file entry02.pdb (PDB, C-alpha atoms)
ATOM      1  CA  MET A   1       0.000   0.000   0.000
ATOM      2  CA  SER A   2       1.593   3.187  -1.160
ATOM      3  CA  ASP A   3       0.444   5.330   1.756
ATOM      4  CA  ASP A   4       1.862   3.145   4.501
ATOM      5  CA  THR A   5       4.830   5.330   5.246
ATOM      6  CA  LEU A   6       2.853   8.567   5.413
ATOM      7  CA  LEU A   7       1.716   9.960   8.745
ATOM      8  CA  ARG A   8      -0.974  12.581   9.283
ATOM      9  CA  ALA A   9      -0.559  15.357  11.845
ATOM     10  CA  GLY A  10      -0.216  13.883  15.345
ATOM     11  CA  GLU A  11       0.169  10.280  14.197
ATOM     12  CA  VAL A  12       2.829   8.063  15.774
ATOM     13  CA  SER A  13       3.977   4.633  14.585
ATOM     14  CA  THR A  14       5.818   1.924  16.476
ATOM     15  CA  THR A  15       8.139  -0.832  15.299
ATOM     16  CA  LEU A  16       6.173  -4.050  14.888
ATOM     17  CA  PRO A  17       7.536  -7.217  16.523
ATOM     18  CA  CYS A  18       9.798  -9.184  14.192
ATOM     19  CA  ARG A  19       7.444 -12.158  14.172
ATOM     20  CA  THR A  20       3.814 -13.013  14.796
ATOM     21  CA  ASP A  21       2.603 -15.196  17.680
ATOM     22  CA  ALA A  22      -0.330 -17.112  16.194
ATOM     23  CA  GLY A  23      -1.877 -17.812  12.796
ATOM     24  CA  LEU A  24      -5.310 -17.183  11.333
ATOM     25  CA  TYR A  25      -7.202 -19.168   8.735
ATOM     26  CA  TYR A  26      -9.345 -17.294   6.250
ATOM     27  CA  ILE A  27     -12.618 -19.251   6.409
ATOM     28  CA  GLY A  28     -14.417 -17.429   3.593
ATOM     29  CA  ARG A  29     -14.812 -14.098   1.844
ATOM     30  CA  ILE A  30     -17.193 -11.181   2.224
ATOM     31  CA  HIS A  31     -18.773  -9.616  -0.852
ATOM     32  CA  THR A  32     -19.929  -6.022  -0.566
ATOM     33  CA  PRO A  33     -20.778  -3.193  -2.987
ATOM     34  CA  TRP A  34     -17.618  -1.281  -1.972
ATOM     35  CA  ALA A  35     -14.608  -1.848  -4.231
ATOM     36  CA  THR A  36     -12.203   0.422  -2.357
ATOM     37  CA  ARG A  37     -11.546   1.372   1.266
ATOM     38  CA  GLU A  38     -12.381   4.970   0.444
ATOM     39  CA  SER A  39     -15.917   4.051  -0.672
ATOM     40  CA  CYS A  40     -16.782   1.998   2.458
ATOM     41  CA  PRO A  41     -19.159   3.458   5.017
ATOM     42  CA  ARG A  42     -17.400   4.403   8.232
ATOM     43  CA  ARG A  43     -19.658   2.089  10.179
ATOM     44  CA  GLY A  44     -22.144  -0.586   9.060
ATOM     45  CA  ASP A  45     -25.854   0.169   9.161
ATOM     46  CA  SER A  46     -28.676  -2.383   9.166
ATOM     47  CA  SER A  47     -30.548  -0.208   6.675
ATOM     48  CA  GLY A  48     -27.582  -0.532   4.292
ATOM     49  CA  PRO A  49     -27.295  -2.840   1.270
ATOM     50  CA  ASP A  50     -27.299  -6.643   1.341
ATOM     51  CA  CYS A  51     -23.817  -8.150   1.574
ATOM     52  CA  VAL A  52     -22.907 -11.798   1.004
ATOM     53  CA  ILE A  53     -20.672 -13.933   3.181
ATOM     54  CA  GLU A  54     -19.304 -16.959   1.292
ATOM     55  CA  VAL A  55     -18.115 -19.572   3.783
ATOM     56  CA  ASP A  56     -15.456 -22.038   2.613
ATOM     57  CA  PRO A  57     -17.024 -25.506   1.995
ATOM     58  CA  ARG A  58     -14.613 -26.975   4.564
ATOM     59  CA  TRP A  59     -16.713 -25.223   7.254
ATOM     60  CA  ALA A  60     -20.185 -25.902   5.803
ATOM     61  CA  GLN A  61     -21.347 -28.116   8.690
ATOM     62  CA  ALA A  62     -20.294 -25.473  11.199
ATOM     63  CA  LEU A  63     -23.242 -23.331   9.994
ATOM     64  CA  GLN A  64     -25.772 -25.854  11.316
ATOM     65  CA  GLY A  65     -28.242 -24.133  13.650
ATOM     66  CA  LEU A  66     -27.493 -20.600  12.471
ATOM     67  CA  ALA A  67     -30.421 -20.038  10.056
ATOM     68  CA  GLY A  68     -33.369 -18.245  11.640
ATOM     69  CA  ARG A  69     -31.335 -16.146  14.048
ATOM     70  CA  PRO A  70     -32.100 -12.453  13.546
ATOM     71  CA  GLN A  71     -28.535 -11.267  14.182
ATOM     72  CA  ILE A  72     -25.021 -12.682  14.101
ATOM     73  CA  GLN A  73     -21.581 -11.399  15.058
ATOM     74  CA  VAL A  74     -19.065 -11.425  12.198
ATOM     75  CA  LEU A  75     -15.294 -11.148  12.639
ATOM     76  CA  TYR A  76     -13.216 -10.254   9.576
ATOM     77  CA  TRP A  77      -9.677  -9.282   8.699
ATOM     78  CA  MET A  78      -9.026  -5.749   7.487
ATOM     79  CA  HIS A  79      -6.262  -6.988   5.223
ATOM     80  CA  GLN A  80      -5.469  -3.629   3.646
ATOM     81  CA  ALA A  81      -4.829  -1.805   6.926
ATOM     82  CA  ARG A  82      -1.382  -0.916   8.269
ATOM     83  CA  ARG A  83      -0.712  -2.260  11.765
ATOM     84  CA  ASP A  84       1.934  -0.010  13.308
ATOM     85  CA  LEU A  85       0.102   3.150  14.438
ATOM     86  CA  VAL A  86      -0.288   3.871  18.165
ATOM     87  CA  LEU A  87      -1.733   7.369  17.663
ATOM     88  CA  GLN A  88      -4.062   8.129  14.740
ATOM     89  CA  THR A  89      -5.809  11.165  13.298
ATOM     90  CA  PRO A  90      -8.825   9.860  11.386
ATOM     91  CA  ASN A  91      -9.986  12.143   8.595
ATOM     92  CA  HIS A  92     -13.553  12.258   9.879
ATOM     93  CA  ALA A  93     -12.560  13.138  13.445
ATOM     94  CA  GLY A  94      -9.854  15.690  12.797
ATOM     95  CA  ARG A  95      -8.197  14.964  16.158
ATOM     96  CA  THR A  96      -5.637  12.472  17.367
ATOM     97  CA  SER A  97      -6.518   9.471  19.570
ATOM     98  CA  GLY A  98      -4.891   6.280  20.739
ATOM     99  CA  THR A  99      -5.545   3.306  18.454
ATOM    100  CA  PHE A 100      -7.434   1.430  21.206
ATOM    101  CA  ALA A 101      -9.772   4.408  21.695
ATOM    102  CA  LEU A 102     -10.842   4.144  18.026
ATOM    103  CA  ARG A 103     -12.625   1.484  15.959
ATOM    104  CA  SER A 104     -10.452   2.322  12.938
ATOM    105  CA  PRO A 105      -9.228  -0.674  10.860
ATOM    106  CA  ILE A 106      -5.654   0.448  11.583
ATOM    107  CA  ARG A 107      -4.557  -1.562  14.667
ATOM    108  CA  PRO A 108      -1.933  -4.175  15.588
ATOM    109  CA  ASN A 109      -4.387  -6.972  14.791
ATOM    110  CA  PRO A 110      -6.847  -5.561  12.235
ATOM    111  CA  ILE A 111      -9.805  -7.695  13.319
ATOM    112  CA  ALA A 112     -13.172  -6.025  12.742
ATOM    113  CA  SER A 113     -16.245  -7.092  14.701
ATOM    114  CA  SER A 114     -19.786  -6.282  13.568
ATOM    115  CA  ILE A 115     -23.247  -7.324  14.697
ATOM    116  CA  VAL A 116     -25.288  -7.723  11.496
ATOM    117  CA  GLU A 117     -28.824  -8.684  10.472
ATOM    118  CA  LEU A 118     -28.995 -12.211   9.075
ATOM    119  CA  VAL A 119     -31.290 -11.988   6.029
ATOM    120  CA  ALA A 120     -30.878 -15.470   4.534
ATOM    121  CA  VAL A 121     -28.794 -18.644   4.647
ATOM    122  CA  GLU A 122     -28.499 -20.707   1.437
ATOM    123  CA  GLY A 123     -25.918 -23.437   1.820
ATOM    124  CA  THR A 124     -22.600 -21.732   2.567
ATOM    125  CA  ARG A 125     -23.869 -18.348   1.391
ATOM    126  CA  LEU A 126     -25.163 -15.929   4.048
ATOM    127  CA  THR A 127     -26.916 -12.701   3.109
ATOM    128  CA  VAL A 128     -26.496 -10.041   5.795
ATOM    129  CA  ARG A 129     -27.052  -6.321   6.338
ATOM    130  CA  GLY A 130     -24.862  -3.978   8.373
ATOM    131  CA  LEU A 131     -21.331  -4.578   7.111
ATOM    132  CA  ASP A 132     -18.849  -1.828   6.308
ATOM    133  CA  CYS A 133     -15.892  -3.537   4.618
ATOM    134  CA  VAL A 134     -14.335  -3.641   1.179
ATOM    135  CA  ASP A 135     -15.361  -6.337  -1.332
ATOM    136  CA  GLY A 136     -13.227  -9.465  -0.916
ATOM    137  CA  THR A 137     -12.499  -9.019   2.796
ATOM    138  CA  PRO A 138     -11.370 -12.302   4.441
ATOM    139  CA  LEU A 139     -13.827 -13.860   6.917
ATOM    140  CA  LEU A 140     -12.474 -15.012  10.307
ATOM    141  CA  ASP A 141     -15.474 -16.061  12.386
ATOM    142  CA  ILE A 142     -19.244 -16.120  12.796
ATOM    143  CA  LYS A 143     -20.887 -16.302  16.235
ATOM    144  CA  PRO A 144     -24.415 -15.969  17.587
ATOM    145  CA  ALA A 145     -24.886 -12.287  18.545
TER     146      ALA A 145
ATOM    147  CA  MET B   1      -3.675 -30.821  24.912
ATOM    148  CA  SER B   2      -4.378 -34.405  25.717
ATOM    149  CA  ASP B   3      -8.083 -34.289  24.880
ATOM    150  CA  ASP B   4      -7.678 -32.973  21.362
ATOM    151  CA  THR B   5      -8.262 -36.256  19.637
ATOM    152  CA  LEU B   6     -11.363 -37.151  21.640
ATOM    153  CA  LEU B   7     -14.800 -36.423  20.255
ATOM    154  CA  ARG B   8     -18.041 -36.321  22.237
ATOM    155  CA  ALA B   9     -21.263 -37.804  20.871
ATOM    156  CA  GLY B  10     -22.268 -36.038  17.649
ATOM    157  CA  GLU B  11     -19.022 -34.102  17.261
ATOM    158  CA  VAL B  12     -17.359 -33.883  13.838
ATOM    159  CA  SER B  13     -13.871 -32.588  13.039
ATOM    160  CA  THR B  14     -12.431 -31.378   9.749
ATOM    161  CA  THR B  15      -8.875 -31.332   8.421
ATOM    162  CA  LEU B  16      -7.351 -27.919   9.014
ATOM    163  CA  PRO B  17      -5.678 -26.166   6.067
ATOM    164  CA  CYS B  18      -1.955 -26.956   5.865
ATOM    165  CA  ARG B  19      -0.985 -23.341   6.476
ATOM    166  CA  THR B  20      -2.390 -20.167   7.987
ATOM    167  CA  ASP B  21      -3.230 -17.039   5.987
ATOM    168  CA  ALA B  22      -2.332 -14.180   8.336
ATOM    169  CA  GLY B  23      -0.462 -13.635  11.582
ATOM    170  CA  LEU B  24      -1.472 -12.219  14.949
ATOM    171  CA  TYR B  25       0.617 -10.311  17.471
ATOM    172  CA  TYR B  26      -0.045 -10.905  21.149
ATOM    173  CA  ILE B  27      -0.263  -7.342  22.481
ATOM    174  CA  GLY B  28      -0.533  -8.189  26.176
ATOM    175  CA  ARG B  29      -1.831 -10.746  28.651
ATOM    176  CA  ILE B  30      -5.032 -11.094  30.653
ATOM    177  CA  HIS B  31      -4.871 -12.005  34.335
ATOM    178  CA  THR B  32      -7.936 -13.657  35.834
ATOM    179  CA  PRO B  33      -8.697 -15.746  38.935
ATOM    180  CA  TRP B  34      -9.204 -18.868  36.786
ATOM    181  CA  ALA B  35      -6.148 -21.107  36.473
ATOM    182  CA  THR B  36      -7.749 -23.759  34.264
ATOM    183  CA  ARG B  37     -10.297 -23.809  31.455
ATOM    184  CA  GLU B  38     -12.552 -25.984  33.570
ATOM    185  CA  SER B  39     -12.801 -23.318  36.302
ATOM    186  CA  CYS B  40     -13.728 -20.451  33.934
ATOM    187  CA  PRO B  41     -17.300 -19.158  33.900
ATOM    188  CA  ARG B  42     -19.119 -20.053  30.712
ATOM    189  CA  ARG B  43     -19.756 -16.416  29.982
ATOM    190  CA  GLY B  44     -18.381 -13.240  31.599
ATOM    191  CA  ASP B  45     -20.550 -11.270  34.002
ATOM    192  CA  SER B  46     -20.085  -7.632  35.007
ATOM    193  CA  SER B  47     -20.814  -8.611  38.596
ATOM    194  CA  GLY B  48     -17.873 -11.024  38.466
ATOM    195  CA  PRO B  49     -14.368 -10.476  39.878
ATOM    196  CA  ASP B  50     -11.898  -7.801  38.753
ATOM    197  CA  CYS B  51      -9.523  -9.003  36.034
ATOM    198  CA  VAL B  52      -6.361  -7.235  34.877
ATOM    199  CA  ILE B  53      -5.304  -6.623  31.284
ATOM    200  CA  GLU B  54      -1.547  -5.946  30.997
ATOM    201  CA  VAL B  55      -0.824  -4.222  27.683
ATOM    202  CA  ASP B  56       2.678  -4.591  26.236
ATOM    203  CA  PRO B  57       4.660  -1.317  26.684
ATOM    204  CA  ARG B  58       5.105  -1.167  22.892
ATOM    205  CA  TRP B  59       1.406  -0.244  22.672
ATOM    206  CA  ALA B  60       1.219   2.125  25.675
ATOM    207  CA  GLN B  61       0.428   5.242  23.627
ATOM    208  CA  ALA B  62      -2.401   3.417  21.871
ATOM    209  CA  LEU B  63      -4.371   3.535  25.164
ATOM    210  CA  GLN B  64      -4.611   7.328  25.018
ATOM    211  CA  GLY B  65      -8.237   8.444  25.290
ATOM    212  CA  LEU B  66      -9.533   5.158  26.698
ATOM    213  CA  ALA B  67      -9.699   6.032  30.427
ATOM    214  CA  GLY B  68     -13.127   7.195  31.574
ATOM    215  CA  ARG B  69     -15.101   5.062  29.143
ATOM    216  CA  PRO B  70     -17.579   2.854  31.007
ATOM    217  CA  GLN B  71     -17.211  -0.152  28.697
ATOM    218  CA  ILE B  72     -14.701  -1.526  26.217
ATOM    219  CA  GLN B  73     -14.636  -4.427  23.771
ATOM    220  CA  VAL B  74     -11.784  -6.873  24.347
ATOM    221  CA  LEU B  75     -10.602  -9.441  21.795
ATOM    222  CA  TYR B  76      -8.427 -12.279  23.051
ATOM    223  CA  TRP B  77      -6.974 -15.548  21.814
ATOM    224  CA  MET B  78      -8.298 -18.786  23.302
ATOM    225  CA  HIS B  79      -4.881 -20.386  22.931
ATOM    226  CA  GLN B  80      -5.821 -23.679  24.568
ATOM    227  CA  ALA B  81      -8.746 -24.449  22.259
ATOM    228  CA  ARG B  82      -8.678 -26.945  19.413
ATOM    229  CA  ARG B  83      -9.624 -25.491  16.037
ATOM    230  CA  ASP B  84     -10.897 -28.369  13.919
ATOM    231  CA  LEU B  85     -14.480 -29.039  15.089
ATOM    232  CA  VAL B  86     -17.410 -28.238  12.789
ATOM    233  CA  LEU B  87     -20.046 -29.843  15.021
ATOM    234  CA  GLN B  88     -19.772 -29.654  18.820
ATOM    235  CA  THR B  89     -21.659 -30.998  21.802
ATOM    236  CA  PRO B  90     -20.941 -28.642  24.705
ATOM    237  CA  ASN B  91     -21.239 -30.223  28.145
ATOM    238  CA  HIS B  92     -23.648 -27.583  29.401
ATOM    239  CA  ALA B  93     -25.972 -27.859  26.392
ATOM    240  CA  GLY B  94     -26.094 -31.598  25.937
ATOM    241  CA  ARG B  95     -26.951 -31.255  22.248
ATOM    242  CA  THR B  96     -24.935 -30.881  19.075
ATOM    243  CA  SER B  97     -24.682 -27.605  17.135
ATOM    244  CA  GLY B  98     -22.565 -26.128  14.375
ATOM    245  CA  THR B  99     -19.488 -24.283  15.619
ATOM    246  CA  PHE B 100     -20.745 -20.951  14.215
ATOM    247  CA  ALA B 101     -24.040 -21.332  16.110
ATOM    248  CA  LEU B 102     -22.094 -21.483  19.402
ATOM    249  CA  ARG B 103     -19.854 -19.035  21.266
ATOM    250  CA  SER B 104     -17.601 -21.907  22.406
ATOM    251  CA  PRO B 105     -13.834 -21.209  22.358
ATOM    252  CA  ILE B 106     -13.450 -24.155  19.959
ATOM    253  CA  ARG B 107     -13.519 -22.627  16.432
ATOM    254  CA  PRO B 108     -11.220 -22.283  13.423
ATOM    255  CA  ASN B 109      -9.946 -18.943  14.714
ATOM    256  CA  PRO B 110     -10.394 -19.016  18.502
ATOM    257  CA  ILE B 111     -10.920 -15.274  18.905
ATOM    258  CA  ALA B 112     -13.123 -14.362  21.860
ATOM    259  CA  SER B 113     -14.966 -11.036  21.979
ATOM    260  CA  SER B 114     -16.347  -9.574  25.215
ATOM    261  CA  ILE B 115     -17.843  -6.241  26.201
ATOM    262  CA  VAL B 116     -16.506  -5.520  29.712
ATOM    263  CA  GLU B 117     -16.787  -2.806  32.342
ATOM    264  CA  LEU B 118     -13.666  -0.633  32.486
ATOM    265  CA  VAL B 119     -12.941  -0.134  36.211
ATOM    266  CA  ALA B 120      -9.548   1.589  36.084
ATOM    267  CA  VAL B 121      -6.606   2.446  33.830
ATOM    268  CA  GLU B 122      -3.169   2.787  35.438
ATOM    269  CA  GLY B 123      -0.469   3.092  32.805
ATOM    270  CA  THR B 124      -0.605  -0.083  30.716
ATOM    271  CA  ARG B 125      -2.683  -1.931  33.324
ATOM    272  CA  LEU B 126      -6.463  -2.008  32.826
ATOM    273  CA  THR B 127      -8.795  -3.349  35.501
ATOM    274  CA  VAL B 128     -12.010  -4.727  34.009
ATOM    275  CA  ARG B 129     -15.054  -6.789  34.986
ATOM    276  CA  GLY B 130     -16.899  -9.287  32.799
ATOM    277  CA  LEU B 131     -14.187 -11.563  31.417
ATOM    278  CA  ASP B 132     -14.421 -15.341  31.270
ATOM    279  CA  CYS B 133     -10.978 -16.588  30.244
ATOM    280  CA  VAL B 134      -8.138 -18.519  31.796
ATOM    281  CA  ASP B 135      -5.273 -16.669  33.529
ATOM    282  CA  GLY B 136      -2.529 -15.787  31.034
ATOM    283  CA  THR B 137      -4.775 -15.535  27.967
ATOM    284  CA  PRO B 138      -3.131 -13.538  25.147
ATOM    285  CA  LEU B 139      -4.675 -10.141  24.357
ATOM    286  CA  LEU B 140      -5.407  -9.279  20.706
ATOM    287  CA  ASP B 141      -7.260  -5.966  20.700
ATOM    288  CA  ILE B 142      -9.112  -3.321  22.689
ATOM    289  CA  LYS B 143     -11.817  -1.151  21.097
ATOM    290  CA  PRO B 144     -14.387   1.350  22.343
ATOM    291  CA  ALA B 145     -17.624  -0.602  22.977
TER     292      ALA B 145
END

call {"tool": "encode", "arguments": {"input": "entry02.pdb", "output": "structure tokens"}}
result
Amino acid sequence: MSDDTLLRAGEVSTTLPCRTDAGLYYIGRIHTPWATRESCPRRGDSSGPDCVIEVDPRWAQALQGLAGRPQIQVLYWMHQARRDLVLQTPNHAGRTSGTFALRSPIRPNPIASSIVELVAVEGTRLTVRGLDCVDGTPLLDIKPA
Amino acid sequence: MSDDTLLRAGEVSTTLPCRTDAGLYYIGRIHTPWATRESCPRRGDSSGPDCVIEVDPRWAQALQGLAGRPQIQVLYWMHQARRDLVLQTPNHAGRTSGTFALRSPIRPNPIASSIVELVAVEGTRLTVRGLDCVDGTPLLDIKPA
């Protein structure tokens, strides 16, 4: 990402550890109408457009019992976000805050968590409303809300 | 973990992918009164005991702006949990469900998410109420609730 060495006013980066401590599996992909980070809504909204979660067939049985729930919690990996900022100045806020005082995708472990409306379940394809991420975002987990 | 090859009635495991897709940094540790998984409450409770989140000094500045908030969201890594079950039969439930229809720590990416009461912030040490995890659990993220 070309902007990963640029800092806005007030922003501070740290040196990331030289290795990671645990590994994640991508268990599916999220399809949304937003092709770029810049076009994503800042926060999901249940009156927003339908989005589709495609779960990898390896995990198909793990969906058993999910259909019919009104809401689910979705965890996903903000794979385009830098991970080294401790202080950030989001464009929309115009002031600087600590990373853990923001829900920005930029964080040491860019895991996003959203509670979304579950519209439909067809096989390994879940239609939901309330997501905010770019098309193609890797899925990490689904839990009852 | 010695019980990782045992399956309860109805449980089904899958073969995990041969490699992971992304890496996590442990950004601190969580200290709780529960030394073993068996002694942990099934779900955190804000009337439960104080627990302490120790954030790694590398991320100290990232806490700026967090003190004074009544609640925070904490993500942590259930490092003792197996990751290969698609159907599970939790002891407390007595019936079998898909992994994604349960909030069990056993899941492909054992990331737990809890909303907890923020009691105090002293430097990189956060006192919170409402956690449910074993002493020494790795911390992944802190967000405003």

call {"tool": "closest_residue", "arguments": {"input": "entry02.pdb", "among": "B:Arg8, B:Lys143, B:Arg125, B:Arg43", "to": "chain A", "atoms": "only C-alpha atoms"}}
result
B:Lys143

call {"tool": "interface_residues", "arguments": {"input": "entry02.pdb", "of": "chain B", "to": "chain A", "cutoff": "9 Å", "atoms": "only C-alpha atoms", "output": "short mmCIF file (atom, residue, chain, number, x, y, z; two decimals) with C-alpha atoms, keeping the file's coordinate frame"}}
result
data_model
loop_
_atom_site.label_atom_id
_atom_site.label_comp_id
_atom_site.auth_asym_id
_atom_site.auth_seq_id
_atom_site.Cartn_x
_atom_site.Cartn_y
_atom_site.Cartn_z
CA VAL B 12 -17.36 -33.88 13.84
CA THR B 14 -12.43 -31.38 9.75
CA THR B 15 -8.88 -31.33 8.42
CA LEU B 16 -7.35 -27.92 9.01
CA PRO B 17 -5.68 -26.17 6.07
CA ARG B 19 -0.98 -23.34 6.48
CA THR B 20 -2.39 -20.17 7.99
CA ASP B 21 -3.23 -17.04 5.99
CA ALA B 22 -2.33 -14.18 8.34
CA GLY B 23 -0.46 -13.64 11.58
CA LEU B 24 -1.47 -12.22 14.95
CA TYR B 25 0.62 -10.31 17.47
CA TYR B 26 -0.04 -10.90 21.15
CA ILE B 27 -0.26 -7.34 22.48
CA ARG B 58 5.11 -1.17 22.89
CA TRP B 59 1.41 -0.24 22.67
CA ALA B 60 1.22 2.12 25.68
CA GLN B 61 0.43 5.24 23.63
CA ALA B 62 -2.40 3.42 21.87
CA LEU B 63 -4.37 3.54 25.16
CA GLN B 64 -4.61 7.33 25.02
CA GLY B 65 -8.24 8.44 25.29
CA LEU B 66 -9.53 5.16 26.70
CA ALA B 67 -9.70 6.03 30.43
CA ILE B 72 -14.70 -1.53 26.22
CA LEU B 75 -10.60 -9.44 21.80
CA TRP B 77 -6.97 -15.55 21.81
CA HIS B 79 -4.88 -20.39 22.93
CA LEU B 85 -14.48 -29.04 15.09
CA VAL B 86 -17.41 -28.24 12.79
CA LEU B 87 -20.05 -29.84 15.02
CA GLN B 88 -19.77 -29.65 18.82
CA SER B 97 -24.68 -27.60 17.14
CA GLY B 98 -22.56 -26.13 14.38
CA THR B 99 -19.49 -24.28 15.62
CA PHE B 100 -20.74 -20.95 14.22
CA ALA B 101 -24.04 -21.33 16.11
CA LEU B 102 -22.09 -21.48 19.40
CA ARG B 103 -19.85 -19.04 21.27
CA SER B 104 -17.60 -21.91 22.41
CA ARG B 107 -13.52 -22.63 16.43
CA PRO B 108 -11.22 -22.28 13.42
CA ASN B 109 -9.95 -18.94 14.71
CA PRO B 110 -10.39 -19.02 18.50
CA ILE B 111 -10.92 -15.27 18.90
CA SER B 113 -14.97 -11.04 21.98
CA LEU B 140 -5.41 -9.28 20.71
CA ASP B 141 -7.26 -5.97 20.70
CA ILE B 142 -9.11 -3.32 22.69
CA LYS B 143 -11.82 -1.15 21.10
CA PRO B 144 -14.39 1.35 22.34
CA ALA B 145 -17.62 -0.60 22.98
#

call {"tool": "closest_residue", "arguments": {"input": "entry02.pdb", "among": "A:Ala81, A:Leu131, A:Leu139, A:Ala120", "to": "Thr32 in chain A", "atoms": "only C-alpha atoms"}}
result
A:Leu131

call {"tool": "closest_residue", "arguments": {"input": "entry02.pdb", "among": "B:Val134, B:Cys40, B:Ala9, B:Val52", "to": "Val116 in chain B", "atoms": "all atoms listed in the file"}}
result
B:Val52

call {"tool": "residues_near_point", "arguments": {"input": "entry02.pdb", "point": "(-14.9, -14.0, 1.9)", "cutoff": "7 Å", "atoms": "all atoms listed in the file", "output": "ChimeraX atom specification"}}
result
/A:28-31,53-55,136-139

call {"tool": "axis_aligned_box", "arguments": {"input": "entry02.pdb", "around": "range 43-49 of chain B", "padding_each_side": "6 Å", "output": "lines of an AutoDock Vina configuration file"}}
result
center_x = -17.6
center_y = -12.0
center_z = 34.9
size_x = 18.4
size_y = 20.8
size_z = 21.9

call {"tool": "closest_residue", "arguments": {"input": "entry02.pdb", "among": "A:Asp56, A:His92, A:Leu118, A:Tyr76", "to": "Glu38 in chain A", "atoms": "only C-alpha atoms"}}
result
A:His92

call {"tool": "atom_distance", "arguments": {"input": "entry02.pdb", "atom1": "CA of Cys51 in chain A", "atom2": "CA of Thr89 in chain A"}}
result
28.9 Å

call {"tool": "residues_near_point", "arguments": {"input": "entry02.pdb", "point": "(-16.1, -13.9, 41.9)", "cutoff": "12 Å", "atoms": "only C-alpha atoms", "output": "mmCIF file with C-alpha atoms, in the frame of the given file"}}
result
data_model
loop_
_atom_site.group_PDB
_atom_site.id
_atom_site.type_symbol
_atom_site.label_atom_id
_atom_site.label_comp_id
_atom_site.auth_asym_id
_atom_site.auth_seq_id
_atom_site.Cartn_x
_atom_site.Cartn_y
_atom_site.Cartn_z
ATOM 1 C CA THR B 32 -7.936 -13.657 35.834
ATOM 2 C CA PRO B 33 -8.697 -15.746 38.935
ATOM 3 C CA TRP B 34 -9.204 -18.868 36.786
ATOM 4 C CA SER B 39 -12.801 -23.318 36.302
ATOM 5 C CA CYS B 40 -13.728 -20.451 33.934
ATOM 6 C CA PRO B 41 -17.300 -19.158 33.900
ATOM 7 C CA GLY B 44 -18.381 -13.240 31.599
ATOM 8 C CA ASP B 45 -20.550 -11.270 34.002
ATOM 9 C CA SER B 46 -20.085 -7.632 35.007
ATOM 10 C CA SER B 47 -20.814 -8.611 38.596
ATOM 11 C CA GLY B 48 -17.873 -11.024 38.466
ATOM 12 C CA PRO B 49 -14.368 -10.476 39.878
ATOM 13 C CA ASP B 50 -11.898 -7.801 38.753
ATOM 14 C CA CYS B 51 -9.523 -9.003 36.034
ATOM 15 C CA ARG B 129 -15.054 -6.789 34.986
ATOM 16 C CA GLY B 130 -16.899 -9.287 32.799
ATOM 17 C CA LEU B 131 -14.187 -11.563 31.417
ATOM 18 C CA ASP B 132 -14.421 -15.341 31.270
#

call {"tool": "closest_residue", "arguments": {"input": "entry02.pdb", "among": "B:Gly123, B:Arg42, B:Gly68, B:Gln80", "to": "Ala93 in chain B", "atoms": "all atoms listed in the file"}}
result
B:Arg42

call {"tool": "atom_distance", "arguments": {"input": "entry02.pdb", "atom1": "CA of Val128 in chain A", "atom2": "CA of Pro70 in chain A"}}
result
9.9 Å

call {"tool": "atom_distance", "arguments": {"input": "entry02.pdb", "atom1": "CA of Thr36 in chain B", "atom2": "CA of Thr124 in chain B"}}
result
25.0 Å
